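One structure below.
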Amino acid sequence: MKKAIFKCHYFGNPNHPAILLIHGMGFYWEKCFAGMVGVLQKKYYCIIPELTGHHNENRTEKVSLEDIVSVIERELKLHQISKIRTLYGISFGASIAVELAFRRNVKINQLVIDGAQFVNLGWMKKISAFVMAKQFKNVAKGKHMNAYVKGQLGYQDTNEISIFRKLMCENISENVLYKSAYECYRYDICKKGDLDCNLYYLYGEKEAFAVASKKLIQKKVNGIFGEKMFENSGHAEILGDKPETLMDIFMSIV
């Protein structure tokens with residue numbers, strides 16, 4: 001087990017309101033967000049962390065959702081950032097973003113979560129994480145996912161390779177993928193308190209757990225709750241294919 005690497009990337013004017021963008025399991029920060037920075041930094045100070053093990057190196061690293069959040073909190077404190085205007089997280093990044101908001105150590109104005117998975121999988125957590133890690137590794141190699149996983153993610157009739165490879169950290173280890181998936185599946189928002197920020201919930205129409213996850217998180221929101229369903233879309237499809245749609249949402253929040 002190698003010592004975990006942590007990197008955080010900053011773009012724009014530190015005097016602008018901050019936006020924190022958190023990528024998902026198996027994704028690479030630069031592929032997800034670098035194309036947005038030119039537009040977003042006109043209004044925002046952009047902060048983009050790399051998740052543990054997601055460095056385009058085939059390394060085995062310990063992955064802990066709570067540890068990742070603690071490291072992000074320390075990084076923000078080090079840079080004297082106590083307020084985040086907009087916090088965006090996708091997939092595993094959505095769970096990380098929500099945990100950061102639940103802790104309230106950093107003031108969050110607007111939480112935007114995309115493709116979240118909050119449904120309790122019970123005894124299936126480890127099996128599901130193992131299967132998902134295998135399928136993501138297949139995609140990194142240019143192979144299709146199996147039919148069951150494609151159905152869960154909303155890609156029954158769509159080429160998932162063309163979407164995910166635009167976003168993926170292709171040299172990531174299968175062990176890190178498994179641990180990241182398991183951390184996402186074991187995270188239980190039902191045991192958390194309330195959220196004191198506004199929340200905007202994004203999801204693809206074809207994502208299997210999207211509506212059930214929305215109902216769980218909506219119960220936790222004390223502020224304004226909004227939602228946007230992307231018609232005929234699967235998991236992370238908008239980020240991969242139409243990132244300008246997300247940029248419009250981020251800019252309109254400002």
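Here, A, B, ... name the chains of the structure tokens in the order displayed, residue numbers run from 1 inside each chain, and ligands are numbered from 1 in the same displayed order.
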
Margin query: Neighbouring residues of region 92-105 of chain A were defined as those with any atom within 7 Å, considering only C-alpha atoms; residues of the same chain fewer than 4 positions away were excluded. Please report them as a VMD selection string.
Written below: chain A and resid 22 to 25 65 69 87 to 88 113 to 114 116 184 193 to 195

Leaving out region 76-86 of chain A and any residue of its chain fewer than 5 positions from it, which residues lie within 7 Å of it when counting only C-alpha atoms, given as a list of chain:residue names?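 Within the cut-off, the hits are A:Pro17, A:Ala18, A:Ile19, A:Leu20, A:Val106, A:Lys107, A:Ile108, A:Asn109, A:Gln110, A:Leu111.
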
inquiry  = With only C-alpha atoms as the counted atoms, please give the residues lying no more than 10 Å from Lys150 (chain A), apart from itself and same-chain residues fewer than 2 positions off, as an MDAnalysis selection string.
reply    = chainID A and resid 135 144:148 152:160 207:208 234:235

For the residues in that selection, give me N, CA and C atoms as a PDB file, in the first residue's frame.
ATOM      1  N   GLN A 135     -16.244  -3.553 -14.383  1.00  0.00           N
ATOM      2  CA  GLN A 135     -16.840  -2.983 -15.595  1.00  0.00           C
ATOM      3  C   GLN A 135     -16.192  -1.653 -15.982  1.00  0.00           C
ATOM      4  N   HIS A 144     -16.932  -3.090 -23.653  1.00  0.00           N
ATOM      5  CA  HIS A 144     -18.253  -2.714 -23.157  1.00  0.00           C
ATOM      6  C   HIS A 144     -18.530  -3.311 -21.782  1.00  0.00           C
ATOM      7  N   MET A 145     -19.346  -2.613 -21.007  1.00  0.00           N
ATOM      8  CA  MET A 145     -19.839  -3.137 -19.741  1.00  0.00           C
ATOM      9  C   MET A 145     -20.843  -4.248 -20.010  1.00  0.00           C
ATOM     10  N   ASN A 146     -21.105  -5.076 -18.983  1.00  0.00           N
ATOM     11  CA  ASN A 146     -22.139  -6.093 -19.174  1.00  0.00           C
ATOM     12  C   ASN A 146     -23.525  -5.447 -19.166  1.00  0.00           C
ATOM     13  N   ALA A 147     -24.510  -6.189 -19.608  1.00  0.00           N
ATOM     14  CA  ALA A 147     -25.856  -5.641 -19.810  1.00  0.00           C
ATOM     15  C   ALA A 147     -26.481  -5.140 -18.510  1.00  0.00           C
ATOM     16  N   TYR A 148     -26.217  -5.836 -17.394  1.00  0.00           N
ATOM     17  CA  TYR A 148     -26.813  -5.445 -16.115  1.00  0.00           C
ATOM     18  C   TYR A 148     -26.306  -4.072 -15.673  1.00  0.00           C
ATOM     19  N   GLN A 152     -28.186  -0.382 -15.180  1.00  0.00           N
ATOM     20  CA  GLN A 152     -28.155   0.432 -13.968  1.00  0.00           C
ATOM     21  C   GLN A 152     -27.762   1.879 -14.281  1.00  0.00           C
ATOM     22  N   LEU A 153     -26.782   2.037 -15.141  1.00  0.00           N
ATOM     23  CA  LEU A 153     -26.246   3.365 -15.443  1.00  0.00           C
ATOM     24  C   LEU A 153     -27.037   4.091 -16.529  1.00  0.00           C
ATOM     25  N   GLY A 154     -27.960   3.378 -17.172  1.00  0.00           N
ATOM     26  CA  GLY A 154     -28.814   4.020 -18.162  1.00  0.00           C
ATOM     27  C   GLY A 154     -28.254   4.014 -19.564  1.00  0.00           C
ATOM     28  N   TYR A 155     -27.508   2.975 -19.906  1.00  0.00           N
ATOM     29  CA  TYR A 155     -26.880   2.902 -21.228  1.00  0.00           C
ATOM     30  C   TYR A 155     -27.308   1.651 -21.996  1.00  0.00           C
ATOM     31  N   GLN A 156     -28.548   1.222 -21.817  1.00  0.00           N
ATOM     32  CA  GLN A 156     -29.014   0.025 -22.503  1.00  0.00           C
ATOM     33  C   GLN A 156     -28.837   0.128 -24.018  1.00  0.00           C
ATOM     34  N   ASP A 157     -29.178   1.296 -24.562  1.00  0.00           N
ATOM     35  CA  ASP A 157     -29.155   1.476 -26.017  1.00  0.00           C
ATOM     36  C   ASP A 157     -28.141   2.530 -26.448  1.00  0.00           C
ATOM     37  N   THR A 158     -27.150   2.772 -25.591  1.00  0.00           N
ATOM     38  CA  THR A 158     -26.177   3.835 -25.855  1.00  0.00           C
ATOM     39  C   THR A 158     -24.761   3.282 -25.701  1.00  0.00           C
ATOM     40  N   ASN A 159     -23.838   3.835 -26.443  1.00  0.00           N
ATOM     41  CA  ASN A 159     -22.442   3.410 -26.351  1.00  0.00           C
ATOM     42  C   ASN A 159     -21.785   4.067 -25.138  1.00  0.00           C
ATOM     43  N   GLU A 160     -21.711   3.333 -24.039  1.00  0.00           N
ATOM     44  CA  GLU A 160     -21.158   3.882 -22.806  1.00  0.00           C
ATOM     45  C   GLU A 160     -19.661   4.175 -22.927  1.00  0.00           C
ATOM     46  N   GLU A 207     -31.057   6.728 -15.327  1.00  0.00           N
ATOM     47  CA  GLU A 207     -30.305   6.201 -14.185  1.00  0.00           C
ATOM     48  C   GLU A 207     -31.235   5.438 -13.239  1.00  0.00           C
ATOM     49  N   ALA A 208     -30.842   4.224 -12.878  1.00  0.00           N
ATOM     50  CA  ALA A 208     -31.727   3.316 -12.151  1.00  0.00           C
ATOM     51  C   ALA A 208     -32.109   3.809 -10.759  1.00  0.00           C
ATOM     52  N   GLY A 234     -28.058   8.950 -19.555  1.00  0.00           N
ATOM     53  CA  GLY A 234     -27.561   8.041 -18.546  1.00  0.00           C
ATOM     54  C   GLY A 234     -26.615   8.737 -17.584  1.00  0.00           C
ATOM     55  N   HIS A 235     -25.960   7.948 -16.777  1.00  0.00           N
ATOM     56  CA  HIS A 235     -25.070   8.438 -15.731  1.00  0.00           C
ATOM     57  C   HIS A 235     -23.883   9.204 -16.331  1.00  0.00           C
TER      58      HIS A 235
END

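Residue neighbourhood of Gly53 (chain A), excluding near-sequence residues (fewer than 4 positions): Lys2, Lys3, Ala4, Ile5, Phe6, Met25, Gly26, Glu57, Asn58, Arg59, Thr60, Glu61, Lys62, Val63, Cys169, Asn171, Ile172, Ser173, Asn175, Val176, Leu177, Lys179 and Ser180 of chain A, at 10 Å, using only C-alpha atoms.
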
*asked:* Could you check the closest approach to Phe230 (chain A) for each of A:Leu216, A:Gln41, A:Gly204, A:Met247 and tell me which residue wins, using only C-alpha atoms?
replied: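 Ranking A:Leu216, A:Gln41, A:Gly204, A:Met247 by distance to Phe230 (chain A), first place goes to A:Gly204.
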
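The interatomic distance for the pair CA of Gly115 (chain A) and CA of Trp29 (chain A) works out to 16.4 Å.
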
Requested in this report: Run DSSP on the backbone of this structure and report the residues of region 48-87 of chain A it assigns to helix (DSSP H, G or I), as a PyMOL selection string.
Outcome: chain A and resi 65-78

Exercise for review: Measuring atom to atom with only C-alpha atoms, identify which of A:Glu50, A:Tyr44, A:Cys190, A:Gly38 is nearest to His9 (chain A).
Suggested key: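 Closest residue, counting only C-alpha atoms: A:Glu50.
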
With distances taken over only C-alpha atoms, the candidate from A:Val149, A:Ile90, A:Leu51, A:Ile249 nearest Gln117 (chain A) is A:Ile90

In terms of only C-alpha atoms, the residue from A:Phe27, A:Phe33, A:Phe118, A:Phe250 at minimal distance from Ile217 (chain A) is A:Phe118
